[in-house]
file structure30.txt (compact mmCIF, C-alpha atoms)
# COMPACT_ATOMS: atom_id res chain seq x y z
CA MET A 61 0.00 0.00 0.00
CA ILE A 62 2.81 2.43 0.97
CA HIS A 63 6.24 1.82 -0.53
CA PHE A 64 9.34 4.01 -0.18
CA SER A 65 12.43 3.05 -2.16
CA ASN A 66 15.69 4.92 -1.41
CA VAL A 67 13.81 8.18 -0.81
CA THR A 68 15.98 11.24 -0.23
CA LYS A 69 14.77 14.78 0.40
CA ARG A 70 17.33 17.55 0.06
CA TYR A 71 16.33 21.21 0.32
CA PRO A 72 17.93 24.07 -1.68
CA ASN A 73 19.94 25.16 1.36
CA GLY A 74 21.60 21.74 1.39
CA PHE A 75 19.73 20.35 4.41
CA GLU A 76 18.95 16.65 3.94
CA ALA A 77 15.70 15.79 5.71
CA LEU A 78 15.56 12.19 4.45
CA ASP A 79 18.48 10.01 3.39
CA GLU A 80 17.75 6.90 1.28
CA VAL A 81 14.72 5.76 3.29
CA SER A 82 13.17 2.44 2.22
CA PHE A 83 10.23 0.53 3.71
CA HIS A 84 6.92 -1.12 2.81
CA ILE A 85 3.60 -0.92 4.66
CA ASP A 86 0.90 -3.44 3.75
CA LYS A 87 -2.75 -2.64 3.19
CA ALA A 88 -4.69 -2.40 6.47
CA GLU A 89 -1.49 -2.26 8.52
CA MET A 90 -1.08 0.21 11.40
CA VAL A 91 2.44 1.56 11.85
CA PHE A 92 4.10 4.12 14.11
CA LEU A 93 6.94 6.37 12.99
CA THR A 94 9.08 7.80 15.76
CA GLY A 95 12.29 9.74 16.31
CA HIS A 96 13.53 12.94 17.91
CA SER A 97 12.42 16.37 16.72
CA GLY A 98 14.05 17.06 13.35
CA ALA A 99 14.45 13.35 12.53
CA GLY A 100 12.39 13.72 9.33
CA LYS A 101 9.02 12.33 10.44
CA SER A 102 6.90 15.20 9.14
CA THR A 103 8.84 15.35 5.86
CA LEU A 104 8.24 11.65 5.32
CA LEU A 105 4.50 11.97 5.94
CA LYS A 106 4.27 14.91 3.54
CA MET A 107 5.61 12.71 0.72
CA ILE A 108 2.47 10.56 0.83
CA PRO A 109 -0.09 13.25 -0.22
CA LEU A 110 2.55 15.02 -2.36
CA ILE A 111 2.84 18.03 -0.11
CA GLU A 112 6.55 17.38 -0.66
CA ARG A 113 8.27 15.52 -3.48
CA PRO A 114 11.48 13.51 -3.03
CA SER A 115 14.78 14.72 -4.42
CA ALA A 116 15.62 11.11 -5.27
CA GLY A 117 14.02 7.70 -4.89
CA GLN A 118 10.49 6.45 -5.43
CA VAL A 119 7.21 6.63 -3.50
CA ILE A 120 4.33 4.31 -4.44
CA ILE A 121 0.90 4.62 -2.81
CA ASP A 122 -1.76 2.04 -3.66
CA GLU A 123 0.21 1.08 -6.80
CA LYS A 124 0.44 4.71 -7.93
CA HIS A 125 3.97 5.93 -8.69
CA LEU A 126 3.84 9.43 -7.21
CA GLY A 127 6.73 10.62 -9.37
CA ARG A 128 4.40 10.28 -12.34
CA VAL A 129 1.49 12.19 -10.75
CA LYS A 130 0.96 15.59 -12.39
CA ARG A 131 -0.06 18.66 -10.40
CA ARG A 132 -3.63 18.56 -11.74
CA GLN A 133 -3.96 14.94 -10.53
CA ILE A 134 -2.96 15.66 -6.93
CA PRO A 135 -6.50 16.54 -5.66
CA ALA A 136 -7.78 13.16 -6.85
CA LEU A 137 -4.85 11.41 -5.16
CA ARG A 138 -5.53 13.19 -1.88
CA ARG A 139 -9.16 12.04 -1.80
CA ASP A 140 -7.83 8.59 -0.89
CA ILE A 141 -5.57 9.97 1.87
CA GLY A 142 -6.82 11.31 5.19
CA ILE A 143 -4.44 13.76 6.90
CA ILE A 144 -4.50 14.65 10.61
CA PHE A 145 -2.32 17.36 12.13
CA GLN A 146 -1.24 17.93 15.74
CA ASP A 147 -3.28 21.13 16.11
CA SER A 148 -6.27 19.85 14.06
CA LYS A 149 -6.17 23.01 11.87
CA LEU A 150 -9.91 23.69 12.13
CA LEU A 151 -11.49 26.82 10.68
CA ASN A 152 -12.73 28.86 13.64
CA ASP A 153 -15.33 30.76 11.61
CA ARG A 154 -17.11 27.53 10.60
CA ASN A 155 -19.03 25.13 12.78
CA VAL A 156 -18.14 21.48 13.28
CA PHE A 157 -20.39 20.28 10.46
CA ASP A 158 -18.86 22.69 7.93
CA ASN A 159 -15.30 21.85 9.02
CA VAL A 160 -15.88 18.15 8.45
CA ALA A 161 -17.74 18.77 5.18
CA LEU A 162 -14.92 20.83 3.69
CA PRO A 163 -13.10 17.98 1.87
CA LEU A 164 -16.37 16.90 0.25
CA LEU A 165 -17.24 20.44 -0.83
CA VAL A 166 -13.77 21.03 -2.24
CA SER A 167 -14.02 17.87 -4.33
CA GLY A 168 -17.38 19.07 -5.69
CA GLU A 169 -18.54 15.53 -6.28
CA HIS A 170 -21.31 15.10 -3.73
CA HIS A 171 -24.97 16.09 -3.56
CA PRO A 172 -25.85 18.14 -0.42
CA ARG A 173 -27.88 15.22 0.96
CA GLU A 174 -24.90 12.90 0.51
CA VAL A 175 -22.62 15.47 2.15
CA GLY A 176 -24.90 15.59 5.18
CA ARG A 177 -25.07 11.81 5.41
CA ARG A 178 -21.30 11.39 5.21
CA VAL A 179 -20.52 14.20 7.64
CA ARG A 180 -22.93 12.88 10.26
CA ALA A 181 -21.62 9.34 9.82
CA ALA A 182 -18.05 10.58 10.39
CA LEU A 183 -19.08 12.62 13.45
CA ASP A 184 -20.95 9.63 14.83
CA LYS A 185 -17.80 7.49 14.54
CA VAL A 186 -15.80 9.95 16.65
CA GLY A 187 -18.63 10.49 19.16
CA LEU A 188 -19.46 14.09 18.26
CA LEU A 189 -22.74 13.86 16.39
CA ASN A 190 -24.36 16.13 18.98
CA ARG A 191 -21.78 18.90 18.41
CA GLU A 192 -22.26 19.50 14.68
CA ASN A 193 -23.57 23.06 15.15
CA ASP A 194 -20.88 24.11 17.63
CA TYR A 195 -17.80 26.13 16.74
CA PRO A 196 -14.19 25.02 17.43
CA ILE A 197 -13.76 27.72 20.11
CA SER A 198 -16.27 25.88 22.30
CA LEU A 199 -14.57 22.48 22.00
CA SER A 200 -11.94 20.90 24.23
CA GLY A 201 -8.56 19.91 22.79
CA GLY A 202 -9.63 16.28 22.53
CA GLU A 203 -12.89 17.22 20.83
CA ARG A 204 -11.08 19.40 18.29
CA GLN A 205 -8.78 16.51 17.47
CA ARG A 206 -11.80 14.24 17.03
CA VAL A 207 -13.28 16.74 14.58
CA GLY A 208 -9.96 16.70 12.73
CA ILE A 209 -10.17 12.91 12.52
CA ALA A 210 -13.77 13.05 11.29
CA ARG A 211 -12.70 15.50 8.56
CA ALA A 212 -9.84 13.18 7.57
CA VAL A 213 -12.09 10.13 7.18
CA VAL A 214 -15.21 11.75 5.66
CA ASN A 215 -13.92 10.91 2.18
CA ARG A 216 -13.50 7.26 3.23
CA PRO A 217 -9.75 7.22 2.55
CA LYS A 218 -7.67 4.12 1.98
CA VAL A 219 -4.74 5.64 3.87
CA LEU A 220 -4.79 7.68 7.09
CA ILE A 221 -1.67 9.59 8.14
CA ALA A 222 -1.31 11.56 11.37
CA ASP A 223 1.49 13.87 12.49
CA GLU A 224 1.79 13.91 16.32
CA PRO A 225 -2.01 13.66 16.74
CA THR A 226 -1.77 13.35 20.53
CA GLY A 227 1.06 15.84 21.06
CA ASN A 228 -1.20 18.38 22.80
CA LEU A 229 -3.37 15.90 24.71
CA ASP A 230 -3.18 14.33 28.15
CA PRO A 231 -2.65 10.54 28.50
CA VAL A 232 -6.34 9.71 28.86
CA LEU A 233 -7.34 11.66 25.74
CA SER A 234 -4.34 10.27 23.87
CA LYS A 235 -5.55 6.74 24.58
CA GLU A 236 -9.04 7.61 23.31
CA ILE A 237 -7.65 9.08 20.08
CA MET A 238 -5.48 6.00 19.49
CA SER A 239 -8.54 3.81 20.03
CA LEU A 240 -10.25 5.69 17.19
CA PHE A 241 -7.28 5.05 14.89
CA GLU A 242 -7.46 1.35 15.77
CA GLN A 243 -11.15 1.26 14.88
CA PHE A 244 -10.49 2.69 11.42
CA ASN A 245 -7.58 0.31 10.96
CA GLN A 246 -9.79 -2.65 11.85
CA VAL A 247 -12.11 -1.87 8.93
CA GLY A 248 -9.23 -1.92 6.43
CA VAL A 249 -7.73 1.58 6.53
CA THR A 250 -3.93 1.71 6.36
CA VAL A 251 -2.70 3.93 9.21
CA LEU A 252 0.70 5.62 9.62
CA ILE A 253 1.20 7.78 12.73
CA ALA A 254 4.22 9.92 13.58
CA SER A 255 4.72 10.24 17.33
CA HIS A 256 7.53 10.79 19.82
CA ASP A 257 5.51 9.24 22.68
CA LEU A 258 7.31 5.91 23.10
CA GLU A 259 5.20 4.92 26.11
CA LEU A 260 2.00 5.32 24.11
CA ILE A 261 3.45 3.48 21.12
CA GLY A 262 4.58 0.63 23.37
CA ARG A 263 1.05 0.16 24.71
CA MET A 264 -0.35 -0.08 21.19
CA LYS A 265 1.85 -3.11 20.34
CA LYS A 266 2.10 -2.18 16.67
CA ARG A 267 4.99 -2.03 14.23
CA MET A 268 7.38 0.85 14.93
CA MET A 269 9.87 2.50 12.59
CA VAL A 270 12.59 4.77 13.98
CA LEU A 271 14.06 7.74 12.12
CA LYS A 272 17.29 9.44 13.15
CA LYS A 273 18.70 12.40 11.25
CA GLY A 274 16.77 11.45 8.14
CA ARG A 275 17.77 7.80 8.09
CA LEU A 276 15.59 4.79 8.93
CA LEU A 277 17.48 3.50 11.94
CA ALA A 278 15.23 0.59 12.92
CA ASP A 279 12.01 -1.21 11.99
CA ASP A 280 10.58 -3.67 14.47
CA GLY A 281 8.49 -5.46 11.84
CA GLY A 282 5.39 -5.54 13.99
CA GLY A 283 6.64 -5.82 17.56
CA LEU A 284 8.83 -8.88 17.01
CA GLY A 285 12.03 -7.23 18.18
CA VAL A 286 13.74 -4.21 16.69
CA LYS A 287 15.53 -4.84 13.42
CA GLN A 288 18.41 -2.49 12.77
CA THR A 289 18.35 -1.13 9.22
CA GLY A 290 21.71 0.56 9.13
call {"tool": "encode", "arguments": {"input": "structure30.txt", "output": "structure tokens"}}
result
Amino acid sequence: MIHFSNVTKRYPNGFEALDEVSFHIDKAEMVFLTGHSGAGKSTLLKMIPLIERPSAGQVIIDEKHLGRVKRRQIPALRRDIGIIFQDSKLLNDRNVFDNVALPLLVSGEHHPREVGRRVRAALDKVGLLNRENDYPISLSGGERQRVGIARAVVNRPKVLIADEPTGNLDPVLSKEIMSLFEQFNQVGVTVLIASHDLELIGRMKKRMMVLKKGRLLADDGGGLGVKQTG
């Protein structure tokens, strides 16, 4: 489902964020990506929806070679990828319903009745169906993150990526958010989560990949003991 082959990302100033990173994630697998700040986690995640393009190497998502994807094709690619940020990035001048509906409205492919059905189904999955008319300012940090998750899954993506989704949450809320990711994974969604919270990752008992200074340092292959990759 997600395949990186010798992926390098070098910026114009010479900084190398990723250095020949290679790995494969199967369909419906749930994987954690960890490493210190500046290790390259966010850069790696941005390769998947083509927010960033590699300087060298190859990225394949669901059998699509991203190096061959033209700019006009990127919106269609992103409809199959749900993206969740640490701060949820909600629009404060729109209510919960409109925030979740945004990806559907941008795609322009859905009838208003279908938009309503999908938005309410997504909000129901994250336990916020009764908050659809509220604005982000009135929500707790955990609730805002749940809205962000609902927005990410409203298009029914094949792949869900999250960048430090529990970074601003307490341990109890972090556990609840991870439970939501597990639920989506259990129905066939491929999930890749970047996190520096090793205690939380350890409790999840999922595969963990470790980045250090842009290189894939280790990959435990699903909790079977850490495999050093170089």
call {"tool": "residues_near_point", "arguments": {"input": "structure30.txt", "point": "(-14.7, 31.5, 13.7)", "cutoff": "12 Å", "atoms": "only C-alpha atoms", "output": "number ranges by chain"}}
result
A: 150-156, 158-159, 194-198
call {"tool": "axis_aligned_box", "arguments": {"input": "structure30.txt", "around": "stretch 115-134 of chain A", "padding_each_side": "4 Å", "output": "lines of an AutoDock Vina configuration file"}}
result
center_x = 5.8
center_y = 9.9
center_z = -7.6
size_x = 27.6
size_y = 25.6
size_z = 17.6
call {"tool": "residues_near_point", "arguments": {"input": "structure30.txt", "point": "(0.3, 2.4, 9.1)", "cutoff": "9 Å", "atoms": "only C-alpha atoms", "output": "list in words"}}
result
Ile62, Ile85, Asp86, Lys87, Ala88, Glu89, Met90, Val91, Phe92, Leu93, Val219, Leu220, Ile221, Asn245, Val249, Thr250, Val251, Leu252, Ile253 and Arg267 of chain A
call {"tool": "atom_distance", "arguments": {"input": "structure30.txt", "atom1": "atom CA of A:Ser97", "atom2": "atom CA of A:Leu271"}}
result
9.9 Å
call {"tool": "atom_distance", "arguments": {"input": "structure30.txt", "atom1": "atom CA of A:His170", "atom2": "atom CA of A:Met61"}}
result
26.4 Å
call {"tool": "atom_distance", "arguments": {"input": "structure30.txt", "atom1": "atom CA of A:Val129", "atom2": "atom CA of A:Thr68"}}
result
17.9 Å
call {"tool": "closest_residue", "arguments": {"input": "structure30.txt", "among": "A:Val186, A:Leu260, A:Ala136, A:Leu105", "to": "A:Gln243", "atoms": "all atoms listed in the file"}}
result
A:Val186
call {"tool": "residues_around", "arguments": {"input": "structure30.txt", "residues": "A:Asn228", "least_positions_apart": "2", "cutoff": "12 Å", "atoms": "only C-alpha atoms", "output": "mmCIF file with C-alpha atoms, keeping the file's coordinate frame"}}
result
data_model
loop_
_atom_site.group_PDB
_atom_site.id
_atom_site.type_symbol
_atom_site.label_atom_id
_atom_site.label_comp_id
_atom_site.auth_asym_id
_atom_site.auth_seq_id
_atom_site.Cartn_x
_atom_site.Cartn_y
_atom_site.Cartn_z
ATOM 1 C CA PHE A 145 -2.320 17.360 12.130
ATOM 2 C CA GLN A 146 -1.240 17.930 15.740
ATOM 3 C CA ASP A 147 -3.280 21.130 16.110
ATOM 4 C CA SER A 148 -6.270 19.850 14.060
ATOM 5 C CA SER A 200 -11.940 20.900 24.230
ATOM 6 C CA GLY A 201 -8.560 19.910 22.790
ATOM 7 C CA GLY A 202 -9.630 16.280 22.530
ATOM 8 C CA GLU A 203 -12.890 17.220 20.830
ATOM 9 C CA ARG A 204 -11.080 19.400 18.290
ATOM 10 C CA GLN A 205 -8.780 16.510 17.470
ATOM 11 C CA ASP A 223 1.490 13.870 12.490
ATOM 12 C CA GLU A 224 1.790 13.910 16.320
ATOM 13 C CA PRO A 225 -2.010 13.660 16.740
ATOM 14 C CA THR A 226 -1.770 13.350 20.530
ATOM 15 C CA ASP A 230 -3.180 14.330 28.150
ATOM 16 C CA PRO A 231 -2.650 10.540 28.500
ATOM 17 C CA VAL A 232 -6.340 9.710 28.860
ATOM 18 C CA LEU A 233 -7.340 11.660 25.740
ATOM 19 C CA SER A 234 -4.340 10.270 23.870
ATOM 20 C CA ILE A 237 -7.650 9.080 20.080
ATOM 21 C CA SER A 255 4.720 10.240 17.330
ATOM 22 C CA HIS A 256 7.530 10.790 19.820
ATOM 23 C CA ASP A 257 5.510 9.240 22.680
#
call {"tool": "closest_residue", "arguments": {"input": "structure30.txt", "among": "A:Leu78, A:Arg211, A:Arg191, A:Pro217", "to": "A:Leu137", "atoms": "only C-alpha atoms"}}
result
A:Pro217
call {"tool": "decode", "arguments": {"input": "structure30.txt", "residues": "stretch 90-145 of chain A", "atoms": "C-alpha atoms", "output": "mmCIF file, in the first residue's frame"}}
result
data_model
loop_
_atom_site.group_PDB
_atom_site.id
_atom_site.type_symbol
_atom_site.label_atom_id
_atom_site.label_comp_id
_atom_site.auth_asym_id
_atom_site.auth_seq_id
_atom_site.Cartn_x
_atom_site.Cartn_y
_atom_site.Cartn_z
ATOM 1 C CA MET A 90 -1.083 0.205 11.405
ATOM 2 C CA VAL A 91 2.437 1.560 11.855
ATOM 3 C CA PHE A 92 4.095 4.122 14.113
ATOM 4 C CA LEU A 93 6.942 6.371 12.994
ATOM 5 C CA THR A 94 9.085 7.803 15.764
ATOM 6 C CA GLY A 95 12.292 9.740 16.312
ATOM 7 C CA HIS A 96 13.529 12.940 17.914
ATOM 8 C CA SER A 97 12.422 16.369 16.718
ATOM 9 C CA GLY A 98 14.047 17.057 13.349
ATOM 10 C CA ALA A 99 14.449 13.352 12.525
ATOM 11 C CA GLY A 100 12.389 13.717 9.335
ATOM 12 C CA LYS A 101 9.019 12.331 10.439
ATOM 13 C CA SER A 102 6.897 15.204 9.135
ATOM 14 C CA THR A 103 8.840 15.353 5.865
ATOM 15 C CA LEU A 104 8.238 11.646 5.318
ATOM 16 C CA LEU A 105 4.505 11.967 5.944
ATOM 17 C CA LYS A 106 4.275 14.915 3.538
ATOM 18 C CA MET A 107 5.607 12.712 0.722
ATOM 19 C CA ILE A 108 2.467 10.557 0.827
ATOM 20 C CA PRO A 109 -0.089 13.246 -0.216
ATOM 21 C CA LEU A 110 2.548 15.017 -2.361
ATOM 22 C CA ILE A 111 2.838 18.031 -0.110
ATOM 23 C CA GLU A 112 6.547 17.378 -0.655
ATOM 24 C CA ARG A 113 8.272 15.518 -3.481
ATOM 25 C CA PRO A 114 11.476 13.506 -3.027
ATOM 26 C CA SER A 115 14.782 14.723 -4.421
ATOM 27 C CA ALA A 116 15.616 11.113 -5.271
ATOM 28 C CA GLY A 117 14.015 7.698 -4.895
ATOM 29 C CA GLN A 118 10.489 6.453 -5.435
ATOM 30 C CA VAL A 119 7.213 6.633 -3.498
ATOM 31 C CA ILE A 120 4.331 4.315 -4.436
ATOM 32 C CA ILE A 121 0.900 4.623 -2.806
ATOM 33 C CA ASP A 122 -1.756 2.037 -3.656
ATOM 34 C CA GLU A 123 0.214 1.075 -6.797
ATOM 35 C CA LYS A 124 0.436 4.710 -7.934
ATOM 36 C CA HIS A 125 3.965 5.932 -8.687
ATOM 37 C CA LEU A 126 3.843 9.431 -7.212
ATOM 38 C CA GLY A 127 6.729 10.620 -9.366
ATOM 39 C CA ARG A 128 4.401 10.284 -12.344
ATOM 40 C CA VAL A 129 1.493 12.194 -10.755
ATOM 41 C CA LYS A 130 0.965 15.592 -12.393
ATOM 42 C CA ARG A 131 -0.059 18.660 -10.399
ATOM 43 C CA ARG A 132 -3.634 18.555 -11.741
ATOM 44 C CA GLN A 133 -3.958 14.941 -10.529
ATOM 45 C CA ILE A 134 -2.957 15.662 -6.933
ATOM 46 C CA PRO A 135 -6.497 16.539 -5.656
ATOM 47 C CA ALA A 136 -7.783 13.162 -6.854
ATOM 48 C CA LEU A 137 -4.853 11.407 -5.162
ATOM 49 C CA ARG A 138 -5.535 13.187 -1.881
ATOM 50 C CA ARG A 139 -9.162 12.041 -1.795
ATOM 51 C CA ASP A 140 -7.828 8.587 -0.894
ATOM 52 C CA ILE A 141 -5.574 9.965 1.871
ATOM 53 C CA GLY A 142 -6.816 11.314 5.195
ATOM 54 C CA ILE A 143 -4.435 13.756 6.899
ATOM 55 C CA ILE A 144 -4.498 14.645 10.608
ATOM 56 C CA PHE A 145 -2.317 17.359 12.133
#
